[in-house]
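Enquirer: Below you'll find query-v3.cif; it's mmCIF, C-alpha atoms.
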data_model
loop_
_atom_site.group_PDB
_atom_site.id
_atom_site.type_symbol
_atom_site.label_atom_id
_atom_site.label_comp_id
_atom_site.auth_asym_id
_atom_site.auth_seq_id
_atom_site.Cartn_x
_atom_site.Cartn_y
_atom_site.Cartn_z
ATOM 1 C CA VAL J 1 3.661 -20.851 -6.337
ATOM 2 C CA SER J 2 2.126 -20.101 -9.762
ATOM 3 C CA ALA J 3 0.411 -23.509 -10.092
ATOM 4 C CA LEU J 4 -1.084 -23.499 -6.589
ATOM 5 C CA ASP J 5 -4.624 -22.639 -5.531
ATOM 6 C CA LEU J 6 -5.080 -19.580 -3.290
ATOM 7 C CA ALA J 7 -5.122 -21.524 -0.015
ATOM 8 C CA ALA J 8 -1.984 -23.509 -0.828
ATOM 9 C CA LYS J 9 -0.238 -20.414 -2.180
ATOM 10 C CA GLY J 10 -0.970 -18.585 1.081
ATOM 11 C CA GLU J 11 0.523 -21.438 3.118
ATOM 12 C CA VAL J 12 3.688 -21.542 0.986
ATOM 13 C CA LEU J 13 4.138 -17.762 1.176
ATOM 14 C CA GLU J 14 3.780 -17.903 4.973
ATOM 15 C CA ALA J 15 6.481 -20.591 5.075
ATOM 16 C CA ILE J 16 8.753 -18.461 2.882
ATOM 17 C CA GLU J 17 8.155 -15.466 5.180
ATOM 18 C CA ARG J 18 9.228 -17.548 8.194
ATOM 19 C CA VAL J 19 12.377 -18.757 6.425
ATOM 20 C CA LEU J 20 13.298 -15.234 5.316
ATOM 21 C CA SER J 21 12.848 -13.862 8.835
ATOM 22 C CA ASP J 22 15.163 -16.581 10.239
ATOM 23 C CA LEU J 23 17.926 -16.292 7.655
ATOM 24 C CA THR J 24 20.771 -13.831 8.073
ATOM 25 C CA VAL J 25 21.874 -13.916 4.428
ATOM 26 C CA PRO J 26 20.526 -11.995 1.428
ATOM 27 C CA CYS J 27 17.930 -13.909 -0.601
ATOM 28 C CA ILE J 28 16.747 -13.282 -4.154
ATOM 29 C CA TYR J 29 13.085 -13.956 -4.906
ATOM 30 C CA VAL J 30 11.874 -13.651 -8.501
ATOM 31 C CA SER J 31 8.191 -12.991 -9.146
ATOM 32 C CA HIS J 32 5.820 -11.520 -11.710
ATOM 33 C CA ASP J 33 3.282 -10.866 -8.939
ATOM 34 C CA LEU J 34 3.738 -7.390 -7.443
ATOM 35 C CA ARG J 35 1.637 -8.115 -4.330
ATOM 36 C CA GLU J 36 3.674 -11.227 -3.649
ATOM 37 C CA ALA J 37 6.956 -9.339 -4.016
ATOM 38 C CA ALA J 38 5.715 -6.523 -1.773
ATOM 39 C CA ARG J 39 4.779 -9.076 0.864
ATOM 40 C CA LEU J 40 8.219 -10.700 0.941
ATOM 41 C CA ALA J 41 10.848 -8.187 -0.163
ATOM 42 C CA ASP J 42 12.769 -5.472 1.671
ATOM 43 C CA ARG J 43 14.336 -4.159 -1.538
ATOM 44 C CA MET J 44 13.046 -4.482 -5.079
ATOM 45 C CA ILE J 45 14.597 -4.408 -8.534
ATOM 46 C CA TRP J 46 12.063 -3.933 -11.341
ATOM 47 C CA LEU J 47 13.242 -5.410 -14.659
ATOM 48 C CA ASP J 48 11.687 -4.901 -18.064
ATOM 49 C CA GLY J 49 13.260 -6.420 -21.167
ATOM 50 C CA GLY J 50 16.485 -7.031 -19.267
ATOM 51 C CA ARG J 51 16.784 -3.393 -18.183
ATOM 52 C CA ILE J 52 16.485 -2.125 -14.611
ATOM 53 C CA LEU J 53 13.596 0.358 -14.484
ATOM 54 C CA ALA J 54 13.684 0.934 -10.745
ATOM 55 C CA GLN J 55 15.374 -0.284 -7.601
ATOM 56 C CA GLY J 56 15.310 0.566 -3.926
ATOM 57 C CA PRO J 57 13.254 -0.090 -0.785
ATOM 58 C CA VAL J 58 10.148 -2.023 -1.804
ATOM 59 C CA ARG J 59 7.680 0.489 -0.321
ATOM 60 C CA GLU J 60 9.253 3.297 -2.373
ATOM 61 C CA VAL J 61 9.401 1.375 -5.642
ATOM 62 C CA ILE J 62 5.859 0.003 -5.663
ATOM 63 C CA SER J 63 4.306 3.359 -4.721
ATOM 64 C CA ASN J 64 6.107 5.371 -7.416
ATOM 65 C CA PRO J 65 3.263 6.714 -9.611
ATOM 66 C CA ARG J 66 5.612 7.180 -12.580
ATOM 67 C CA LEU J 67 6.555 3.507 -12.944
ATOM 68 C CA PRO J 68 4.570 1.261 -15.333
ATOM 69 C CA PHE J 69 2.966 -1.000 -12.716
ATOM 70 C CA ALA J 70 1.394 2.013 -10.983
ATOM 71 C CA GLN J 71 -0.845 2.208 -14.045
ATOM 72 C CA ASP J 72 -2.367 -1.209 -13.282
ATOM 73 C CA GLU J 73 -5.888 -1.477 -11.896
ATOM 74 C CA ASP J 74 -4.458 -3.217 -8.816
ATOM 75 C CA ALA J 75 -1.677 -0.653 -8.157
ATOM 76 C CA GLU J 76 -0.979 -0.368 -4.464
ATOM 77 C CA SER J 77 1.187 1.057 -1.730
ATOM 78 C CA LEU J 78 2.957 -0.600 1.171
ATOM 79 C CA VAL J 79 3.006 0.657 4.754
ATOM 80 C CA VAL J 80 5.231 -1.060 7.308
ATOM 81 C CA GLY J 81 4.376 -0.748 10.992
ATOM 82 C CA LYS J 82 3.785 -2.604 14.255
ATOM 83 C CA VAL J 83 0.600 -3.792 15.917
ATOM 84 C CA THR J 84 -0.149 -1.397 18.776
ATOM 85 C CA ALA J 85 -3.654 -2.478 19.776
ATOM 86 C CA ILE J 86 -6.244 -5.207 19.182
ATOM 87 C CA ASP J 87 -10.030 -4.862 19.132
ATOM 88 C CA GLN J 88 -11.087 -8.489 19.585
ATOM 89 C CA GLU J 89 -14.790 -7.686 19.522
ATOM 90 C CA ALA J 90 -14.494 -6.022 16.108
ATOM 91 C CA SER J 91 -11.732 -8.385 14.843
ATOM 92 C CA LEU J 92 -9.434 -5.456 14.075
ATOM 93 C CA ALA J 93 -5.775 -4.702 14.721
ATOM 94 C CA CYS J 94 -4.275 -1.224 14.937
ATOM 95 C CA VAL J 95 -0.963 -0.809 13.107
ATOM 96 C CA GLY J 96 1.158 2.169 14.129
ATOM 97 C CA PHE J 97 3.611 3.699 11.651
ATOM 98 C CA SER J 98 5.386 7.019 11.138
ATOM 99 C CA GLY J 99 2.311 8.571 9.480
ATOM 100 C CA GLY J 100 -0.245 7.567 12.106
ATOM 101 C CA GLU J 101 -2.364 4.465 12.675
ATOM 102 C CA LEU J 102 -4.213 2.041 10.426
ATOM 103 C CA TRP J 103 -6.979 -0.287 11.572
ATOM 104 C CA ILE J 104 -6.845 -3.510 9.561
ATOM 105 C CA ALA J 105 -9.253 -6.430 9.389
ATOM 106 C CA THR J 106 -7.483 -9.042 11.527
ATOM 107 C CA ALA J 107 -7.262 -9.683 15.261
ATOM 108 C CA GLU J 108 -4.895 -12.653 15.075
ATOM 109 C CA LEU J 109 -1.641 -10.718 15.418
ATOM 110 C CA PRO J 110 0.019 -10.176 18.787
ATOM 111 C CA ARG J 111 1.125 -6.696 19.856
ATOM 112 C CA GLU J 112 4.503 -5.498 18.546
ATOM 113 C CA THR J 113 4.263 -7.776 15.500
ATOM 114 C CA GLU J 114 5.741 -6.071 12.435
ATOM 115 C CA VAL J 115 3.141 -5.898 9.684
ATOM 116 C CA ARG J 116 3.257 -5.030 5.985
ATOM 117 C CA VAL J 117 -0.009 -3.393 5.059
ATOM 118 C CA GLN J 118 -0.878 -3.415 1.347
ATOM 119 C CA ILE J 119 -3.340 -0.718 0.257
ATOM 120 C CA ARG J 120 -4.774 -0.553 -3.256
ATOM 121 C CA ALA J 121 -4.805 2.881 -4.890
ATOM 122 C CA ARG J 122 -8.475 2.475 -5.820
ATOM 123 C CA ASP J 123 -9.334 2.094 -2.110
ATOM 124 C CA VAL J 124 -7.855 5.461 -1.087
ATOM 125 C CA SER J 125 -10.096 8.542 -1.183
ATOM 126 C CA ILE J 126 -9.059 12.147 -0.596
ATOM 127 C CA ALA J 127 -10.715 14.916 1.420
ATOM 128 C CA LEU J 128 -9.621 18.505 1.931
ATOM 129 C CA GLU J 129 -11.060 18.601 5.448
ATOM 130 C CA ARG J 130 -11.075 15.895 8.082
ATOM 131 C CA PRO J 131 -14.456 14.154 7.745
ATOM 132 C CA ARG J 132 -16.727 13.572 10.731
ATOM 133 C CA ALA J 133 -19.405 10.979 11.406
ATOM 134 C CA ILE J 134 -18.400 8.552 8.646
ATOM 135 C CA SER J 135 -17.830 4.787 8.650
ATOM 136 C CA VAL J 136 -14.216 4.967 7.439
ATOM 137 C CA LEU J 137 -11.857 4.260 10.361
ATOM 138 C CA ASN J 138 -8.587 5.266 8.732
ATOM 139 C CA ILE J 139 -8.242 9.016 8.195
ATOM 140 C CA LEU J 140 -4.634 10.114 7.689
ATOM 141 C CA PRO J 141 -3.100 13.579 7.216
ATOM 142 C CA VAL J 142 -1.194 13.636 3.905
ATOM 143 C CA THR J 143 0.630 15.960 1.529
ATOM 144 C CA ILE J 144 0.189 15.614 -2.236
ATOM 145 C CA THR J 145 3.539 14.992 -3.930
ATOM 146 C CA ASP J 146 2.571 14.076 -7.518
ATOM 147 C CA LEU J 147 -0.341 13.701 -9.947
ATOM 148 C CA VAL J 148 0.002 11.327 -12.920
ATOM 149 C CA GLN J 149 -2.405 10.518 -15.758
ATOM 150 C CA VAL J 150 -3.639 6.904 -15.910
ATOM 151 C CA THR J 151 -2.841 6.051 -19.537
ATOM 152 C CA ALA J 152 -5.430 3.291 -20.001
ATOM 153 C CA ALA J 153 -8.190 5.289 -18.273
ATOM 154 C CA PRO J 154 -8.291 8.916 -19.492
ATOM 155 C CA SER J 155 -10.859 9.823 -16.837
ATOM 156 C CA GLN J 156 -8.518 8.862 -13.996
ATOM 157 C CA VAL J 157 -5.420 10.227 -12.286
ATOM 158 C CA LEU J 158 -2.981 8.752 -9.770
ATOM 159 C CA VAL J 159 -2.292 10.978 -6.798
ATOM 160 C CA SER J 160 0.830 10.347 -4.726
ATOM 161 C CA LEU J 161 0.349 11.118 -1.030
ATOM 162 C CA GLU J 162 3.119 11.480 1.536
ATOM 163 C CA VAL J 163 2.141 10.219 4.972
ATOM 164 C CA GLY J 164 4.995 10.205 7.469
ATOM 165 C CA GLU J 165 7.847 8.255 5.884
ATOM 166 C CA SER J 166 5.446 6.329 3.664
ATOM 167 C CA ARG J 167 3.692 7.077 0.408
ATOM 168 C CA LEU J 168 0.145 6.137 -0.583
ATOM 169 C CA LEU J 169 -1.317 6.101 -4.070
ATOM 170 C CA SER J 170 -4.886 7.218 -4.671
ATOM 171 C CA ARG J 171 -6.668 6.502 -7.959
ATOM 172 C CA ILE J 172 -9.429 9.066 -8.513
ATOM 173 C CA THR J 173 -11.151 10.770 -11.421
ATOM 174 C CA HIS J 174 -9.807 13.885 -13.098
ATOM 175 C CA ARG J 175 -13.082 15.551 -12.235
ATOM 176 C CA SER J 176 -12.577 14.893 -8.517
ATOM 177 C CA ALA J 177 -9.007 16.187 -8.688
ATOM 178 C CA ARG J 178 -10.180 19.313 -10.521
ATOM 179 C CA GLU J 179 -13.108 20.019 -8.187
ATOM 180 C CA LEU J 180 -10.874 19.592 -5.131
ATOM 181 C CA GLY J 181 -8.174 21.734 -6.723
ATOM 182 C CA LEU J 182 -5.498 19.129 -6.027
ATOM 183 C CA THR J 183 -1.942 20.354 -6.592
ATOM 184 C CA VAL J 184 1.532 19.284 -5.485
ATOM 185 C CA GLY J 185 2.210 20.520 -1.946
ATOM 186 C CA LEU J 186 -1.458 20.660 -0.918
ATOM 187 C CA ARG J 187 -2.270 19.171 2.486
ATOM 188 C CA ALA J 188 -5.268 16.873 2.623
ATOM 189 C CA TRP J 189 -6.688 13.748 4.273
ATOM 190 C CA ALA J 190 -6.515 10.184 2.958
ATOM 191 C CA LEU J 191 -9.457 7.902 3.742
ATOM 192 C CA VAL J 192 -8.989 4.125 3.690
ATOM 193 C CA LYS J 193 -11.657 1.595 4.653
ATOM 194 C CA SER J 194 -10.395 -1.071 7.055
ATOM 195 C CA ALA J 195 -12.312 -3.736 5.139
ATOM 196 C CA ALA J 196 -10.243 -2.906 2.033
ATOM 197 C CA ILE J 197 -6.829 -3.399 3.681
ATOM 198 C CA THR J 198 -4.873 -6.632 3.479
ATOM 199 C CA LYS J 199 -1.627 -7.529 5.223
#
I'd like the structure from this file rewritten - as structure tokens, please.

Expert:
Amino acid sequence: VSALDLAAKGEVLEAIERVLSDLTVPCIYVSHDLREAARLADRMIWLDGGRILAQGPVREVISNPRLPFAQDEDAESLVVGKVTAIDQEASLACVGFSGGELWIATAELPRETEVRVQIRARDVSIALERPRAISVLNILPVTITDLVQVTAAPSQVLVSLEVGESRLLSRITHRSARELGLTVGLRAWALVKSAAITK
């Protein structure tokens, strides 16, 4: 799909998704695009220079803050759930998963559809108390499990957040982490704008 425009690439990836869901045999898909791999894969093997750096369930591998691709500006996490409700008027779907619910910007999915929700680390904010009267729809209870320096951006840190059986990454400044007193084991709230979430 590397030589295709965005619209054509989207159509081909949808076709591949359909084929993968119908097949009952293991398939190997090779890609340099992390978002593409996260969209299609159940398990991931990350290779660098012919060596395996990481392997396991895709949602665990891509949200590991200590792997090289977590340092990228577009680092993200993957949450897998099912559509539990639709708000047609607002063009939103509610995806339920072990850590709670996420409202995402689409109303085209029928209930009970399994959805892979990709959330960029830069779109996840952290609060120590549950906020009130704000525009953000997705407010999830989390526990901090790791803090990692962003090598290419000395002012920033990656925070790993456990939410149910999933893990989110949050990319924030060191100053924010210091002022909030973020430490491993601390309970907090993750805030994710619905408009920032893609499936």

Enquirer: Give me the range 72-115 of chain J side of the contact with range 123-133 of chain J, cut-off 12 Å, one line per residue showing its nearest atom pair and distance in Å at one decimal, counting all atoms listed in the file, sorted by chain and residue number, as CSV.

Expert:
residue,atom,partner,partner_atom,distance
J:Glu73,CA,J:Asp123,CA,11.0
J:Asp74,CA,J:Asp123,CA,9.8
J:Ala75,CA,J:Asp123,CA,10.1
J:Glu76,CA,J:Asp123,CA,9.0
J:Ser77,CA,J:Val124,CA,10.1

Enquirer: I'd like to see the residues matched by the PyMOL selection byres ((chain J and resi 168) around 8) on this file, and ideally I'd get them as number ranges by chain.

Expert: J: 63, 76-78, 119, 121, 160-163, 166-167, 169-170

Enquirer: With all atoms listed in the file as the counted atoms, please give the residues lying no more than 7 Å from Met44 in chain J, apart from itself and same-chain residues fewer than 6 positions off, as a PyMOL selection string.

Expert: chain J and resi 55-58+61

Enquirer: Please produce, as JSON lines, a per-residue contact table for range 14-46 of chain J versus range 1-7 of chain J (criterion: any atom at most 12 Å away, all atoms listed in the file considered), showing the nearest atom pair and its distance in Å to one decimal, sorted by chain then residue number.

Expert:
{"residue": "J:Glu14", "atom": "CA", "partner": "J:Ala7", "partner_atom": "CA", "distance": 10.8}
{"residue": "J:Ala15", "atom": "CA", "partner": "J:Val1", "partner_atom": "CA", "distance": 11.8}
{"residue": "J:Ile16", "atom": "CA", "partner": "J:Val1", "partner_atom": "CA", "distance": 10.8}
{"residue": "J:Tyr29", "atom": "CA", "partner": "J:Val1", "partner_atom": "CA", "distance": 11.8}
{"residue": "J:Val30", "atom": "CA", "partner": "J:Val1", "partner_atom": "CA", "distance": 11.1}
{"residue": "J:Ser31", "atom": "CA", "partner": "J:Ser2", "partner_atom": "CA", "distance": 9.4}
{"residue": "J:His32", "atom": "CA", "partner": "J:Ser2", "partner_atom": "CA", "distance": 9.5}
{"residue": "J:Asp33", "atom": "CA", "partner": "J:Ser2", "partner_atom": "CA", "distance": 9.3}
{"residue": "J:Glu36", "atom": "CA", "partner": "J:Val1", "partner_atom": "CA", "distance": 10.0}

Enquirer: If you measure from CA of Ala196 in chain J to CA of Arg178 in chain J, what distance in Å do you get, rounded to one decimal?

Expert: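 Separating CA of Ala196 in chain J from CA of Arg178 in chain J is a distance of 25.5 Å.
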
Enquirer: Distance CA of Arg51 in chain J-CA of Arg66 in chain J, one decimal place?

Expert: 16.4 Å

Enquirer: Which residues would end up in the selection if the PyMOL selection byres ((chain J and resi 186) around 10) were applied here, given that I need the answer as number ranges by chain?

Expert: J: 128, 142-145, 161, 181-185, 187-188

Enquirer: Evaluating the PyMOL selection byres ((chain J and resi 97) around 9) on the displayed file yields which residues, as a ChimeraX atom specification?

Expert: /J:79-82,95-96,98-102,164-166

Enquirer: Just to confirm, what's the straight-line distance from CA of Leu92 in chain J to CA of Ile104 in chain J in Å (one decimal)?

Expert: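 Straight-line distance from CA of Leu92 in chain J to CA of Ile104 in chain J works out to 5.6 Å.
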
Enquirer: Which of these residues is nearest to Thr84 in chain J, using only C-alpha atoms: J:Leu109, J:Ala190, J:Ile52, J:Leu180?

Expert: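 Answer, going by the shortest atom-to-atom distance: J:Leu109.
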